[in-house]
Amino acid sequence: MTKHNVIWYYFTLLCLLLSVSMPLSATEQGIIVKPSSFTVDLIGGCNTTRDITVRWTGSDTIQCFISTNITSDCPRNDSEGINVTYSEPSPFDLPSNVDYTVEMKIEAAINIMPGNYTITTNFSCEAEEPEDDDEGDGGKGRGRSPANIPPVADASAGELYTGYVDEEITFNGSKSSDIDGTITEWSWDFGDGNNGTGEVTSHNYSTPGTYNVTLTVTDNDRNTDTYKTTVIIMQANRPPDSPLVDGVMLGNKTVEYAYTAVSTDPDNDTIRYFFDWGDGTNTISGFLERRLIYNTSHNWTTSGVYTVRVYAEDKNNGVSGTTEMTVFIDVNVLFIDDVIQGYILDTDADGIYDIFHNNATGDETDVELQNNGNYLIDGDGDTMWDYEYDPETNVLVSYPPLEEEDMAPWYVLFALILVVAITVIIFAYFLHSIKKQKRDKGQKKKKAIKKAK
Ligand SMILES: [Ca+2]
Ligand SMILES: [Ca+2]
Ligand SMILES: [Ca+2]
Ligand SMILES: [Ca+2]
């Protein structure tokens, strides 16, 4: 061995003792490469092999090109001194979702320059040329640009979708995903001719039924996916209408009186009727077809004024509004022109009426027996009489009579005369005192002239 050769040998040994850093990178998202980096000792032999596991997470087979890049901090970039080969040709077909092993063989020449060598393996992959160009990009995606993984639409987060007419139904597409990018659009077809947007959206339906709902998501590479689901829309129960009630309003105690109630239901449900007679008793009918008149009867055992309350209920517990009716039992009811004004009561049973009950306001106000046997009634509680009632003839009239009301009362005339008289007296006195003052002044002057003479 020459001296030159000995130096060259140690140089080379130094080189091979140095670790060779080999980060392995994939140029493609969706390609998983393991290990991503490792260290190779080339000592004791100038060639070695390593297994690289490659996995592609997309849906179809793709084509991968392998390339090697070697850099060095040596004084002379001697990449030709390292030879890297692979067990797969370039390009090779990489199937979907399978761990695929590529063997990497590194051979270092005996006379390479010492230093750090970094070997990088690149997997550059692209989609296989499709049979039909359903990407809609006119084949532009067939170049060496990376293959996009389509998004996955998923509206199951809100399932099962069900609700009532006119109720807000919330649709939830938040389980949709895109493994290699982001979803940029959520588009909803609600199945009733209406559409919506957004990851979470809401819609209400105007008619009952089962609707097919479609969610379409679009990713940042304009790829789409759809998810189909259904929504069941039911008709919420609508209560029956307030019943029409008929029967006597003026009666006597212990006499049985007939009453009827009838109502209808927007859903054609059968209906039952509740009568609250106002005396602590109730009557409930069985369920009847809508618009069928329910007949019942009632008697009251004590005199008084009773509010009868009636409502209808359908078979789904929908309750109508309440219809009220006032029933006067053995009460002296007062009318003007057939309109009930109220009734008068003898509260202490001494044969003289004491109180008037105003039917419109519900107030109880004063009555006063007059010498002629009639009663004056204050209908509104303002201490002024409003009605005169003749118990002999049972006639109620307004009070005071209109013609009297137009005449000025005597005390007003009297007060007017008094004011005029006082004014005249004051004026006369005033005139008299002025005349007296003038007369006194004249006499003083005459006296002064006489003295001077
Ligand atoms: Ca994507
Ligand atoms: Ca109903
Ligand atoms: Ca009395
Ligand atoms: Ca009054």
# chains A, B, ... in the order shown; residues from 1 in each chain; ligands from 1
call {"tool": "residues_near_ligand", "arguments": {"ligand": "ligand 1", "cutoff": "12 Å", "atoms": "only C-alpha atoms and all ligand atoms", "output": "ChimeraX atom specification"}}
result
/A:29-30,57-59,146-153,176-184,217-225
call {"tool": "residues_near_ligand", "arguments": {"ligand": "ligand 4", "cutoff": "10 Å", "atoms": "only C-alpha atoms and all ligand atoms", "output": "list in words"}}
result
Thr365, Asp366, Leu376, Ile377, Asp378, Gly379, Asp380, Gly381, Asp382, Thr383, Met384, Trp385, Asp386, Tyr387 and Tyr399 of chain A
call {"tool": "closest_residue", "arguments": {"among": "A:Phe190, A:Tyr353, A:Trp410, A:Trp277", "to": "ligand 3", "atoms": "only C-alpha atoms and all ligand atoms"}}
result
A:Tyr353
call {"tool": "residues_near_ligand", "arguments": {"ligand": "ligand 2", "cutoff": "9 Å", "atoms": "only C-alpha atoms and all ligand atoms", "output": "list in words"}}
result
Ala236, Asn237, Arg238, Pro239, Pro240, Thr264, Asp265, Pro266, Asp267, Asn268, Asp269, Thr270, Ile271, Glu313, Asp314, Lys315, Asn316, Asn317, Gly318 and Val319 of chain A
call {"tool": "residues_around", "arguments": {"residues": "Pro243 (chain A)", "least_positions_apart": "4", "cutoff": "7 Å", "atoms": "only C-alpha atoms", "output": "PyMOL selection string"}}
result
chain A and resi 261-263+311-312+323
call {"tool": "residues_near_ligand", "arguments": {"ligand": "ligand 3", "cutoff": "8 Å", "atoms": "only C-alpha atoms and all ligand atoms", "output": "PyMOL selection string"}}
result
chain A and resi 345-354
call {"tool": "closest_residue", "arguments": {"among": "A:Ile112, A:Val331, A:Val310, A:Ile66", "to": "Ile284 (chain A)", "atoms": "only C-alpha atoms"}}
result
A:Val310
call {"tool": "closest_residue", "arguments": {"among": "A:Gln63, A:Val33, A:Asn47, A:Arg55", "to": "Thr85 (chain A)", "atoms": "only C-alpha atoms"}}
result
A:Asn47
call {"tool": "select_by_dssp", "arguments": {"residues": "region 238-447 of chain A", "states": "helix (DSSP H, G or I)", "output": "NGL selection string"}}
result
:A and (402-406 or 410-447)
call {"tool": "residues_around", "arguments": {"residues": "Phe356 (chain A)", "least_positions_apart": "3", "cutoff": "6 Å", "atoms": "only C-alpha atoms", "output": "list in words"}}
result
Tyr343, Ile344, Glu364 and Thr365 of chain A
call {"tool": "write_last_selection", "arguments": {"atoms": "C-alpha atoms", "output": "PDB file, in the first residue's frame"}}
result
ATOM      1  CA  TYR A 343    -130.912  43.023  38.797  1.00  0.00           C
ATOM      2  CA  ILE A 344    -131.914  44.302  42.208  1.00  0.00           C
ATOM      3  CA  GLU A 364    -123.081  46.454  43.054  1.00  0.00           C
ATOM      4  CA  THR A 365    -124.408  49.943  43.733  1.00  0.00           C
TER       5      THR A 365
END
